[in-house]
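Asker: Sharing structure.cif below, mmCIF, C-alpha atoms (C1' of nucleotides):
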data_structure
loop_
_atom_site.label_atom_id
_atom_site.label_comp_id
_atom_site.auth_asym_id
_atom_site.auth_seq_id
_atom_site.Cartn_x
_atom_site.Cartn_y
_atom_site.Cartn_z
CA MET B 16 -100.01 -63.26 66.06
CA ASN B 17 -98.09 -61.06 68.50
CA SER B 18 -97.57 -62.16 72.07
CA ASP B 19 -100.28 -60.13 73.83
CA PHE B 20 -102.57 -63.13 74.04
CA SER B 21 -99.80 -65.38 75.33
CA LEU B 22 -98.82 -62.79 77.91
CA ALA B 23 -102.38 -62.32 79.09
CA VAL B 24 -102.80 -66.06 79.48
CA HIS B 25 -99.42 -66.28 81.12
CA SER B 26 -100.27 -63.57 83.63
CA LEU B 27 -103.65 -65.04 84.48
CA THR B 28 -102.17 -68.49 84.89
CA PHE B 29 -99.48 -67.06 87.12
CA LEU B 30 -102.15 -65.39 89.22
CA SER B 31 -104.22 -68.58 89.33
CA LEU B 32 -101.34 -70.32 91.06
CA GLN B 33 -101.14 -67.60 93.67
CA LEU B 34 -104.76 -66.92 94.53
CA ASP B 35 -104.13 -65.72 98.06
CA GLN B 36 -101.73 -62.87 97.46
CA MET B 37 -101.05 -60.06 95.04
CA ALA B 38 -98.38 -60.46 92.40
CA THR B 39 -96.38 -57.49 91.14
CA SER B 40 -95.85 -56.70 87.48
CA HIS B 41 -92.18 -57.24 88.19
CA ALA B 42 -92.73 -60.84 89.34
CA ILE B 43 -94.98 -61.68 86.40
CA ALA B 44 -92.64 -59.98 83.96
CA GLU B 45 -89.74 -62.01 85.28
CA SER B 46 -91.70 -65.22 84.89
CA ALA B 47 -92.52 -64.29 81.32
CA SER B 48 -89.11 -62.82 80.44
CA VAL B 49 -90.67 -59.57 79.38
CA HIS B 50 -90.74 -55.93 80.45
CA PRO B 51 -92.95 -55.01 83.45
CA VAL B 52 -94.51 -52.07 81.64
CA ARG B 53 -95.87 -54.46 79.08
CA ILE B 54 -97.44 -56.63 81.73
CA ARG B 55 -99.08 -53.61 83.31
CA LYS B 56 -100.45 -52.51 79.95
CA ILE B 57 -101.98 -55.89 79.21
CA LEU B 58 -103.27 -56.40 82.74
CA GLY B 59 -104.87 -52.98 82.51
CA LEU B 60 -107.12 -54.38 79.78
CA LEU B 61 -107.99 -57.41 81.90
CA ARG B 62 -108.76 -55.20 84.86
CA LYS B 63 -111.17 -53.09 82.82
CA GLN B 64 -113.01 -56.29 81.93
CA GLY B 65 -113.21 -57.43 85.52
CA PHE B 66 -110.92 -60.44 85.35
CA ILE B 67 -108.48 -59.10 87.89
CA VAL B 68 -108.24 -56.47 90.57
CA THR B 69 -105.38 -54.04 90.84
CA LYS B 70 -103.97 -52.36 93.83
CA GLU B 71 -101.66 -49.40 93.49
CA GLY B 72 -98.99 -48.33 95.92
CA CYS B 73 -96.69 -50.17 98.25
CA GLY B 74 -97.68 -53.83 98.65
CA GLY B 75 -99.91 -53.49 95.61
CA GLY B 76 -100.10 -55.57 92.46
CA PHE B 77 -102.59 -57.84 90.75
CA ILE B 78 -104.91 -60.57 91.93
CA LEU B 79 -107.54 -62.69 90.20
CA GLN B 80 -111.12 -61.59 90.49
CA LYS B 81 -112.78 -64.60 88.85
CA SER B 82 -112.29 -68.28 89.41
CA PRO B 83 -109.66 -69.75 87.03
CA ALA B 84 -112.21 -72.25 85.74
CA ASP B 85 -114.49 -69.37 84.76
CA ILE B 86 -111.96 -67.52 82.65
CA LYS B 87 -112.20 -68.90 79.14
CA LEU B 88 -109.51 -68.35 76.55
CA ASN B 89 -111.94 -66.99 73.99
CA GLU B 90 -112.63 -64.06 76.29
CA ILE B 91 -108.92 -63.35 76.56
CA TYR B 92 -108.50 -63.69 72.81
CA LYS B 93 -111.28 -61.19 72.20
CA ILE B 94 -109.70 -58.69 74.54
CA THR B 95 -106.12 -58.93 73.37
CA SER B 96 -106.16 -60.12 69.79
CA GLU B 97 -109.50 -59.97 68.06
CA GLY B 98 -108.98 -59.65 64.32
CA ALA B 99 -105.47 -61.04 64.44
CA LEU B 100 -106.53 -64.10 62.48
CA VAL B 101 -107.50 -62.30 59.31
CA PRO B 102 -104.53 -62.12 56.97
CA LYS B 103 -103.28 -58.79 55.76
CA CYS B 104 -104.32 -57.78 52.27
CA PRO B 105 -102.89 -55.21 49.92
CA PRO B 106 -105.21 -52.23 49.56
CA PRO B 107 -108.17 -52.77 47.18
CA ASN B 108 -107.45 -51.99 43.54
CA SER B 109 -110.52 -50.71 41.76
CA GLU B 110 -108.96 -51.36 38.36
CA CYS B 111 -109.51 -55.10 38.70
CA VAL B 112 -112.43 -57.23 39.94
CA VAL B 113 -110.10 -59.47 41.85
CA GLY B 114 -108.11 -56.63 43.37
CA ALA B 115 -111.23 -54.67 44.15
CA ASN B 116 -112.95 -57.40 46.12
CA MET B 117 -110.29 -59.72 47.48
CA LYS B 118 -109.91 -57.95 50.80
CA GLN B 119 -113.62 -58.20 51.43
CA ALA B 120 -113.72 -61.87 50.44
CA ILE B 121 -110.79 -62.78 52.70
CA THR B 122 -112.21 -60.73 55.54
CA SER B 123 -115.56 -62.44 55.22
CA ILE B 124 -114.10 -65.95 55.20
CA PHE B 125 -111.75 -65.27 58.08
CA GLY B 126 -114.41 -63.52 60.07
CA ASP B 127 -116.25 -66.83 60.13
CA ALA B 128 -113.03 -68.68 60.82
CA GLU B 129 -112.37 -66.44 63.78
CA ASN B 130 -115.80 -67.11 65.22
CA GLN B 131 -115.00 -70.78 65.02
CA LEU B 132 -111.63 -70.22 66.66
CA GLU B 133 -113.26 -68.36 69.50
CA SER B 134 -115.72 -71.15 69.97
CA PHE B 135 -112.80 -73.57 70.10
CA LEU B 136 -111.00 -71.47 72.67
CA SER B 137 -114.11 -71.31 74.82
CA ASP B 138 -113.44 -74.95 75.71
CA TYR B 139 -110.26 -73.94 77.52
CA SER B 140 -110.06 -72.11 80.81
CA ILE B 141 -107.15 -70.66 82.73
CA LYS B 142 -107.54 -73.58 85.07
CA ASP B 143 -106.90 -75.92 82.15
CA VAL B 144 -103.80 -73.99 81.16
CA ALA B 145 -102.56 -74.10 84.73
CA SER B 146 -103.02 -77.86 84.65
CA LEU B 147 -101.12 -78.17 81.41
CA VAL B 148 -98.35 -76.04 82.79
CA THR B 149 -98.04 -77.89 86.07
CA HIS B 150 -98.38 -81.24 84.30
CA GLU B 151 -101.51 -82.18 86.17
CA PRO B 152 -104.08 -84.45 84.50
CA ILE B 153 -105.95 -82.48 81.91
CA GLU B 154 -109.70 -82.23 81.67
CA VAL B 155 -109.82 -80.40 78.40
CA ALA B 156 -109.66 -83.39 76.14
CA GLU B 157 -112.87 -84.60 77.71
CA ALA B 158 -114.56 -81.30 77.20
CA LEU B 159 -113.58 -81.43 73.54
CA THR B 160 -114.74 -84.94 72.91
CA GLY B 161 -117.93 -84.22 74.78
CA GLU B 162 -117.38 -86.80 77.54
CA MET J 13 -100.82 -63.01 59.65
CA ASN J 14 -98.75 -61.59 56.81
CA SER J 15 -100.17 -61.30 53.35
CA ASP J 16 -98.63 -64.38 51.72
CA PHE J 17 -101.84 -66.35 52.04
CA SER J 18 -103.94 -63.49 50.66
CA LEU J 19 -101.56 -63.08 47.76
CA ALA J 20 -101.55 -66.77 46.96
CA VAL J 21 -105.35 -66.82 46.98
CA HIS J 22 -105.41 -63.62 44.97
CA SER J 23 -103.07 -65.03 42.35
CA LEU J 24 -104.95 -68.30 42.02
CA THR J 25 -108.26 -66.48 41.79
CA PHE J 26 -106.82 -64.23 39.12
CA LEU J 27 -105.64 -67.27 37.19
CA SER J 28 -109.00 -68.97 37.61
CA LEU J 29 -110.63 -66.12 35.73
CA GLN J 30 -108.20 -66.50 32.89
CA LEU J 31 -107.96 -70.22 32.38
CA ASP J 32 -107.07 -70.09 28.71
CA GLN J 33 -103.94 -67.96 28.77
CA MET J 34 -100.86 -67.36 30.83
CA ALA J 35 -100.72 -64.40 33.17
CA THR J 36 -97.47 -62.62 33.92
CA SER J 37 -96.26 -61.81 37.41
CA HIS J 38 -96.51 -58.19 36.33
CA ALA J 39 -100.23 -58.46 35.59
CA ILE J 40 -100.99 -60.29 38.83
CA ALA J 41 -98.82 -57.91 40.82
CA GLU J 42 -100.67 -54.96 39.37
CA SER J 43 -104.01 -56.50 40.27
CA ALA J 44 -102.79 -57.05 43.83
CA SER J 45 -100.91 -53.74 44.15
CA VAL J 46 -97.75 -55.54 45.07
CA HIS J 47 -94.25 -56.10 43.69
CA PRO J 48 -93.90 -58.70 40.88
CA VAL J 49 -90.93 -60.36 42.56
CA ARG J 50 -93.14 -61.19 45.47
CA ILE J 51 -95.73 -62.79 43.24
CA ARG J 52 -93.04 -64.89 41.58
CA LYS J 53 -91.75 -66.01 44.95
CA ILE J 54 -95.18 -67.09 46.18
CA LEU J 55 -96.17 -68.67 42.89
CA GLY J 56 -92.92 -70.61 42.98
CA LEU J 57 -94.24 -72.41 46.06
CA LEU J 58 -97.53 -73.15 44.36
CA ARG J 59 -95.74 -74.47 41.31
CA LYS J 60 -93.68 -76.86 43.40
CA GLN J 61 -96.94 -78.24 44.80
CA GLY J 62 -98.45 -78.69 41.35
CA PHE J 63 -101.19 -76.07 41.55
CA ILE J 64 -99.90 -74.07 38.64
CA VAL J 65 -97.55 -74.39 35.72
CA THR J 66 -94.91 -71.85 34.91
CA LYS J 67 -93.38 -70.95 31.64
CA GLU J 68 -90.19 -68.95 31.46
CA GLY J 69 -89.12 -66.69 28.67
CA CYS J 70 -90.97 -64.44 26.29
CA GLY J 71 -94.70 -65.08 26.33
CA GLY J 72 -94.30 -66.99 29.55
CA GLY J 73 -96.07 -66.65 32.84
CA PHE J 74 -98.37 -68.68 35.03
CA ILE J 75 -101.43 -70.79 34.37
CA LEU J 76 -103.59 -72.98 36.58
CA GLN J 77 -102.88 -76.68 36.60
CA LYS J 78 -105.85 -77.81 38.71
CA SER J 79 -109.50 -76.99 38.43
CA PRO J 80 -110.46 -73.98 40.62
CA ALA J 81 -113.04 -76.11 42.42
CA ASP J 82 -110.32 -78.57 43.37
CA ILE J 83 -108.00 -76.04 45.00
CA LYS J 84 -109.04 -75.78 48.63
CA LEU J 85 -107.96 -72.91 50.83
CA ASN J 86 -106.57 -75.20 53.52
CA GLU J 87 -103.99 -76.43 51.02
CA ILE J 88 -102.95 -72.88 50.27
CA TYR J 89 -102.85 -72.03 53.96
CA LYS J 90 -100.58 -74.98 54.65
CA ILE J 91 -98.20 -73.94 51.91
CA THR J 92 -97.96 -70.25 52.69
CA SER J 93 -98.77 -69.80 56.35
CA GLU J 94 -98.77 -72.95 58.41
CA GLY J 95 -97.98 -72.08 62.01
CA ALA J 96 -99.04 -68.46 61.64
CA LEU J 97 -101.97 -69.01 63.98
CA VAL J 98 -99.93 -69.87 67.05
CA PRO J 99 -99.22 -66.71 69.01
CA LYS J 100 -95.66 -65.73 69.73
CA CYS J 101 -94.37 -66.52 73.21
CA PRO J 102 -91.43 -65.15 75.09
CA PRO J 103 -88.65 -67.74 75.41
CA PRO J 104 -89.19 -70.37 78.12
CA ASN J 105 -87.94 -69.41 81.57
CA SER J 106 -86.78 -72.42 83.54
CA GLU J 107 -86.88 -70.49 86.81
CA CYS J 108 -90.68 -70.66 86.91
CA VAL J 109 -93.20 -73.44 86.20
CA VAL J 110 -95.40 -71.08 84.28
CA GLY J 111 -92.57 -69.55 82.30
CA ALA J 112 -91.02 -72.93 81.65
CA ASN J 113 -94.13 -74.52 80.15
CA MET J 114 -96.31 -71.77 78.76
CA LYS J 115 -94.91 -71.90 75.26
CA GLN J 116 -95.57 -75.59 75.07
CA ALA J 117 -99.10 -75.20 76.43
CA ILE J 118 -99.97 -72.43 73.98
CA THR J 119 -98.41 -74.33 71.10
CA SER J 120 -100.40 -77.41 71.97
CA ILE J 121 -103.72 -75.60 72.19
CA PHE J 122 -103.14 -73.62 69.02
CA GLY J 123 -101.90 -76.65 67.17
CA ASP J 124 -105.36 -78.11 67.64
CA ALA J 125 -106.94 -74.78 66.79
CA GLU J 126 -104.99 -74.66 63.57
CA ASN J 127 -106.15 -78.12 62.59
CA GLN J 128 -109.67 -76.90 63.06
CA LEU J 129 -108.97 -73.80 61.02
CA GLU J 130 -107.59 -75.90 58.20
CA SER J 131 -110.65 -78.08 58.29
CA PHE J 132 -112.77 -74.94 58.08
CA LEU J 133 -110.78 -73.65 55.13
CA SER J 134 -111.17 -76.96 53.32
CA ASP J 135 -114.80 -75.98 52.73
CA TYR J 136 -113.67 -73.14 50.48
CA SER J 137 -112.18 -73.48 47.03
CA ILE J 138 -110.64 -70.96 44.67
CA LYS J 139 -113.84 -71.28 42.67
CA ASP J 140 -115.78 -70.10 45.72
CA VAL J 141 -113.47 -67.13 46.16
CA ALA J 142 -113.83 -66.27 42.49
CA SER J 143 -117.59 -66.32 42.98
CA LEU J 144 -117.37 -64.07 46.01
CA VAL J 145 -115.14 -61.69 44.13
CA THR J 146 -117.27 -61.52 41.03
CA HIS J 147 -120.45 -61.34 43.15
CA GLU J 148 -121.88 -64.49 41.69
CA PRO J 149 -124.21 -66.62 43.81
CA ILE J 150 -122.16 -68.44 46.40
CA GLU J 151 -122.27 -72.15 47.02
CA VAL J 152 -120.14 -72.10 50.11
CA ALA J 153 -122.87 -71.31 52.56
CA GLU J 154 -124.61 -74.46 51.48
CA ALA J 155 -121.48 -76.53 51.92
CA LEU J 156 -121.12 -75.15 55.42
CA THR J 157 -124.68 -75.72 56.51
CA GLY J 158 -124.59 -79.15 54.95
CA GLU J 159 -127.38 -78.53 52.44
"C1'" DA S 25 -94.65 -36.01 107.08
"C1'" DG S 26 -91.55 -38.49 104.03
"C1'" DG S 27 -89.63 -42.33 101.73
"C1'" DA S 28 -90.01 -46.84 99.55
"C1'" DA S 29 -92.71 -49.75 96.69
"C1'" DC S 30 -96.04 -50.01 93.82
"C1'" DT S 31 -99.52 -48.97 89.35
"C1'" DA S 32 -100.95 -45.99 85.06
"C1'" DT S 33 -99.72 -44.18 81.04
"C1'" DA S 34 -97.40 -41.59 77.43
"C1'" DA S 35 -93.42 -40.88 74.70
"C1'" DT S 36 -89.41 -42.52 72.61
"C1'" DA S 37 -86.02 -45.91 71.12
"C1'" DA S 38 -84.54 -50.43 69.69
"C1'" DA S 39 -85.34 -54.74 67.62
"C1'" DT S 40 -87.70 -57.57 64.48
"C1'" DA S 41 -90.64 -58.80 60.65
"C1'" DT S 42 -92.53 -57.64 56.39
"C1'" DT S 43 -92.35 -55.82 51.94
"C1'" DA S 44 -90.10 -53.50 48.03
"C1'" DT S 45 -86.37 -52.94 45.14
"C1'" DT S 46 -82.28 -53.99 42.70
"C1'" DA S 47 -79.37 -57.07 40.40
"C1'" DC S 48 -78.24 -60.74 37.66
"C1'" DA S 49 -78.57 -65.35 35.59
"C1'" DG S 50 -81.32 -68.27 32.84
"C1'" DT S 51 -85.22 -69.29 29.23
"C1'" DT S 52 -88.07 -68.66 25.18
"C1'" DA S 53 -90.28 -66.61 21.13
"C1'" DA S 54 -89.88 -63.97 17.17
"C1'" DT A 7 -79.87 -61.58 18.92
"C1'" DT A 8 -82.99 -58.98 21.32
"C1'" DA A 9 -87.13 -58.29 24.02
"C1'" DA A 10 -89.98 -60.35 27.36
"C1'" DC A 11 -90.28 -63.33 30.58
"C1'" DT A 12 -89.16 -66.44 35.32
"C1'" DG A 13 -85.93 -67.72 39.44
"C1'" DT A 14 -83.57 -66.26 43.10
"C1'" DA A 15 -80.40 -63.84 46.12
"C1'" DA A 16 -79.04 -59.64 48.25
"C1'" DT A 17 -80.12 -55.26 50.00
"C1'" DA A 18 -83.07 -51.35 51.33
"C1'" DA A 19 -87.26 -49.34 53.05
"C1'" DT A 20 -91.18 -49.61 55.91
"C1'" DA A 21 -94.19 -51.26 59.42
"C1'" DT A 22 -94.94 -53.65 63.58
"C1'" DT A 23 -93.62 -55.22 67.91
"C1'" DT A 24 -91.23 -54.78 72.04
"C1'" DA A 25 -88.28 -52.42 75.41
"C1'" DT A 26 -87.04 -48.48 77.79
"C1'" DT A 27 -87.42 -44.09 79.90
"C1'" DA A 28 -89.96 -40.64 82.13
"C1'" DT A 29 -93.48 -38.73 85.00
"C1'" DA A 30 -97.46 -38.68 87.89
"C1'" DG A 31 -100.23 -40.80 91.19
"C1'" DT A 32 -101.31 -44.30 95.16
"C1'" DT A 33 -100.43 -46.81 99.41
"C1'" DC A 34 -97.94 -48.54 103.27
"C1'" DC A 35 -94.79 -47.91 106.91
"C1'" DT A 36 -92.14 -45.55 110.36
#
Transcribe the structure of this file into structure tokens.

Answerer:
Amino acid sequence: MNSDFSLAVHSLTFLSLQLDQMATSHAIAESASVHPVRIRKILGLLRKQGFIVTKEGCGGGFILQKSPADIKLNEIYKITSEGALVPKCPPPNSECVVGANMKQAITSIFGDAENQLESFLSDYSIKDVASLVTHEPIEVAEALTGE
Amino acid sequence: MNSDFSLAVHSLTFLSLQLDQMATSHAIAESASVHPVRIRKILGLLRKQGFIVTKEGCGGGFILQKSPADIKLNEIYKITSEGALVPKCPPPNSECVVGANMKQAITSIFGDAENQLESFLSDYSIKDVASLVTHEPIEVAEALTGE
DNA sequence: AGGAACTATAATAAATATTATTACAGTTAA
DNA sequence: TTAACTGTAATAATATTTATTATAGTTCCT
């Protein structure tokens, strides 16, 4: 998988630790060791989905719009990377049953697998990631074991 | 994900439909619309794990060593693609808590996600894929719903 | 009003990953 | 002993990802 998902999570986590003021693409890009244009591109997607608010011009930047606990990783995955799980396949080959139908079989199996992945990711929020990152006690394990 | 997993599954499915005779890398490659050297490289991995047997020389090729129902997709995933699920991350940046620990956080979450994916894939065998591909009635749905 | 500090976005270039091809050594059957 | 194979390394071509450059627009400040 490419790093769009990681960068989206990174940016949101960064913003979650700075809820009171805007962060520039430059600051986030520096934190992620990546080019600011890329951050702006990815945050543009998150803005369109209402996760953050953008302000242009001097003193502008990005700020969270939702509570970190309410931003679940499955939502971010959907926005940045949906379909990334399904392996590439060579183009169908109608000369052979296997070649003709393999892509469809793989796509079908991994479509289900991706649904399951998304369900798994829905147990994690940006708040959880922020906790992981700042080494605070984690509440995710409980969520997963149903406690 | 690259196509190694798909090609491994493709090759094994091909072999499962031709249990009585060896198939050449040329024949499999043609079915998958891919270069024979690539098939030999991937099948080399499967041979080392005992899934198939290889014969060199004239009249040689590849033949299944295990029953199609006993080859589970999680095993193939492990061999060809383990780790492919975890998204790329920019290199850690020690200047920033988020940058310093994001890679580790992502890796940890997706390590668990990958375990879950492998467990999901363990419900599918090469026999199931062969059924999908040849449009025979599928037994997988039952396995998944626990019937 | 004008400049500095921002975002938005498109276009291009560079870097990286994937895949194909070539080459050659070794094996086996006929 | 030759044709038909696998095994594997090295190189080339292609595709994908990422960085960079460029330009236009917005906002704050003086």

Asker: For chain J against chain B, which residues fall within 9 Å using all atoms listed in the file, given as a ChimeraX atom specification?

Answerer: /J:13-19,21-23,25-26,42-46,96-118,121-122,125-126,128-129,132-133,136,141-142,144-147

Asker: Go ahead and write the residues just picked, C-alpha atoms, as a JSON list (two decimals), in the coordinates of the input.

Answerer:
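Below is the file that was written, part01.json:
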[["chain", "number", "residue", "atom", "x", "y", "z"],
["J", 13, "MET", "CA", -100.82, -63.01, 59.65],
["J", 14, "ASN", "CA", -98.75, -61.59, 56.81],
["J", 15, "SER", "CA", -100.17, -61.30, 53.35],
["J", 16, "ASP", "CA", -98.63, -64.38, 51.72],
["J", 17, "PHE", "CA", -101.84, -66.35, 52.04],
["J", 18, "SER", "CA", -103.94, -63.49, 50.66],
["J", 19, "LEU", "CA", -101.56, -63.08, 47.76],
["J", 21, "VAL", "CA", -105.35, -66.82, 46.98],
["J", 22, "HIS", "CA", -105.41, -63.62, 44.97],
["J", 23, "SER", "CA", -103.07, -65.03, 42.35],
["J", 25, "THR", "CA", -108.26, -66.48, 41.79],
["J", 26, "PHE", "CA", -106.82, -64.23, 39.12],
["J", 42, "GLU", "CA", -100.67, -54.96, 39.37],
["J", 43, "SER", "CA", -104.01, -56.50, 40.27],
["J", 44, "ALA", "CA", -102.79, -57.05, 43.83],
["J", 45, "SER", "CA", -100.91, -53.74, 44.15],
["J", 46, "VAL", "CA", -97.75, -55.54, 45.07],
["J", 96, "ALA", "CA", -99.04, -68.46, 61.64],
["J", 97, "LEU", "CA", -101.97, -69.01, 63.98],
["J", 98, "VAL", "CA", -99.93, -69.87, 67.05],
["J", 99, "PRO", "CA", -99.22, -66.71, 69.01],
["J", 100, "LYS", "CA", -95.66, -65.73, 69.73],
["J", 101, "CYS", "CA", -94.37, -66.52, 73.21],
["J", 102, "PRO", "CA", -91.43, -65.15, 75.09],
["J", 103, "PRO", "CA", -88.65, -67.74, 75.41],
["J", 104, "PRO", "CA", -89.19, -70.37, 78.12],
["J", 105, "ASN", "CA", -87.94, -69.41, 81.57],
["J", 106, "SER", "CA", -86.78, -72.42, 83.54],
["J", 107, "GLU", "CA", -86.88, -70.49, 86.81],
["J", 108, "CYS", "CA", -90.68, -70.66, 86.91],
["J", 109, "VAL", "CA", -93.20, -73.44, 86.20],
["J", 110, "VAL", "CA", -95.40, -71.08, 84.28],
["J", 111, "GLY", "CA", -92.57, -69.55, 82.30],
["J", 112, "ALA", "CA", -91.02, -72.93, 81.65],
["J", 113, "ASN", "CA", -94.13, -74.52, 80.15],
["J", 114, "MET", "CA", -96.31, -71.77, 78.76],
["J", 115, "LYS", "CA", -94.91, -71.90, 75.26],
["J", 116, "GLN", "CA", -95.57, -75.59, 75.07],
["J", 117, "ALA", "CA", -99.10, -75.20, 76.43],
["J", 118, "ILE", "CA", -99.97, -72.43, 73.98],
["J", 121, "ILE", "CA", -103.72, -75.60, 72.19],
["J", 122, "PHE", "CA", -103.14, -73.62, 69.02],
["J", 125, "ALA", "CA", -106.94, -74.78, 66.79],
["J", 126, "GLU", "CA", -104.99, -74.66, 63.57],
["J", 128, "GLN", "CA", -109.67, -76.90, 63.06],
["J", 129, "LEU", "CA", -108.97, -73.80, 61.02],
["J", 132, "PHE", "CA", -112.77, -74.94, 58.08],
["J", 133, "LEU", "CA", -110.78, -73.65, 55.13],
["J", 136, "TYR", "CA", -113.67, -73.14, 50.48],
["J", 141, "VAL", "CA", -113.47, -67.13, 46.16],
["J", 142, "ALA", "CA", -113.83, -66.27, 42.49],
["J", 144, "LEU", "CA", -117.37, -64.07, 46.01],
["J", 145, "VAL", "CA", -115.14, -61.69, 44.13],
["J", 146, "THR", "CA", -117.27, -61.52, 41.03],
["J", 147, "HIS", "CA", -120.45, -61.34, 43.15]]

Asker: Could you tell me how far atom CA of Glu68 of chain J lies from atom C1' of DA16 of chain A, in Å and to one decimal?

Answerer: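 Between atom CA of Glu68 of chain J and atom C1' of DA16 of chain A the gap works out to 22.2 Å.
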
Asker: List every residue of chain J that has an atom at most 8 Å from any atom of chain S, giving for each one its closest atom pair and the distance in Å to one decimal, counting only C-alpha atoms (C1' of nucleotides), sorted by chain and then by ascending residue number, as CSV.

Answerer:
residue,atom,partner,partner_atom,distance
J:Asn14,CA,S:DT42,C1',7.4
J:His47,CA,S:DA44,C1',6.5
J:Glu68,CA,S:DT51,C1',5.5
J:Gly69,CA,S:DT52,C1',4.1
J:Cys70,CA,S:DT52,C1',5.2
J:Gly71,CA,S:DA53,C1',7.0
J:Gly72,CA,S:DT52,C1',7.8

Asker: If I take atom CA of Phe63 of chain J and atom CA of Lys139 of chain J, how far is one from the other in Å, to one decimal?

Answerer: 13.6 Å

Asker: Under the PyMOL selection byres ((chain A) within 9 of (chain B)), which residues of this model are included? Write them out as a short mmCIF file (atom, residue, chain, number, x, y, z; two decimals) with C-alpha atoms (C1' of nucleotides), keeping the file's coordinate frame.

Answerer:
data_model
loop_
_atom_site.label_atom_id
_atom_site.label_comp_id
_atom_site.auth_asym_id
_atom_site.auth_seq_id
_atom_site.Cartn_x
_atom_site.Cartn_y
_atom_site.Cartn_z
"C1'" DT A 23 -93.62 -55.22 67.91
"C1'" DT A 24 -91.23 -54.78 72.04
"C1'" DA A 25 -88.28 -52.42 75.41
"C1'" DT A 26 -87.04 -48.48 77.79
"C1'" DG A 31 -100.23 -40.80 91.19
"C1'" DT A 32 -101.31 -44.30 95.16
"C1'" DT A 33 -100.43 -46.81 99.41
"C1'" DC A 34 -97.94 -48.54 103.27
#

Asker: Have a look at atom CA of Gln80 of chain B and atom CA of Ser134 of chain B and let me know their distance in Å, one decimal.

Answerer: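 Separation of atom CA of Gln80 of chain B and atom CA of Ser134 of chain B: 23.1 Å.
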
Asker: Which residue, B:Leu34, B:Ala23, B:Ala42, B:Ile78, has the smallest gap to Tyr92 of chain B when you use only C-alpha atoms?

Answerer: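 The closest residue to Tyr92 of chain B is B:Ala23.
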
Asker: Kindly complete segment 40-52 of chain B to N, CA and C atoms; the output should be written as a compact mmCIF listing (two decimals), in the coordinates of the input.

Answerer:
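Now in out_38.txt:
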# COMPACT_ATOMS: atom_id res chain seq x y z
N SER B 40 -96.18 -56.62 88.91
CA SER B 40 -95.85 -56.70 87.48
C SER B 40 -94.41 -57.18 87.30
N HIS B 41 -93.58 -56.81 88.25
CA HIS B 41 -92.18 -57.24 88.19
C HIS B 41 -92.08 -58.77 88.25
N ALA B 42 -92.79 -59.38 89.18
CA ALA B 42 -92.73 -60.84 89.34
C ALA B 42 -93.26 -61.54 88.10
N ILE B 43 -94.40 -61.05 87.59
CA ILE B 43 -94.98 -61.68 86.40
C ILE B 43 -94.06 -61.49 85.21
N ALA B 44 -93.52 -60.28 85.09
CA ALA B 44 -92.64 -59.98 83.96
C ALA B 44 -91.42 -60.89 83.98
N GLU B 45 -90.91 -61.14 85.17
CA GLU B 45 -89.74 -62.01 85.28
C GLU B 45 -90.11 -63.43 84.84
N SER B 46 -91.26 -63.88 85.27
CA SER B 46 -91.70 -65.22 84.89
C SER B 46 -91.86 -65.35 83.38
N ALA B 47 -92.26 -64.24 82.75
CA ALA B 47 -92.52 -64.29 81.32
C ALA B 47 -91.34 -63.77 80.49
N SER B 48 -90.29 -63.36 81.13
CA SER B 48 -89.11 -62.82 80.44
C SER B 48 -89.48 -61.65 79.55
N VAL B 49 -90.11 -60.66 80.15
CA VAL B 49 -90.67 -59.57 79.38
C VAL B 49 -90.64 -58.32 80.24
N HIS B 50 -90.87 -57.16 79.67
CA HIS B 50 -90.74 -55.93 80.45
C HIS B 50 -92.00 -55.65 81.28
N PRO B 51 -91.82 -55.25 82.55
CA PRO B 51 -92.95 -55.01 83.45
C PRO B 51 -93.99 -54.04 82.90
N VAL B 52 -93.54 -53.03 82.18
CA VAL B 52 -94.51 -52.07 81.64
C VAL B 52 -95.50 -52.76 80.72
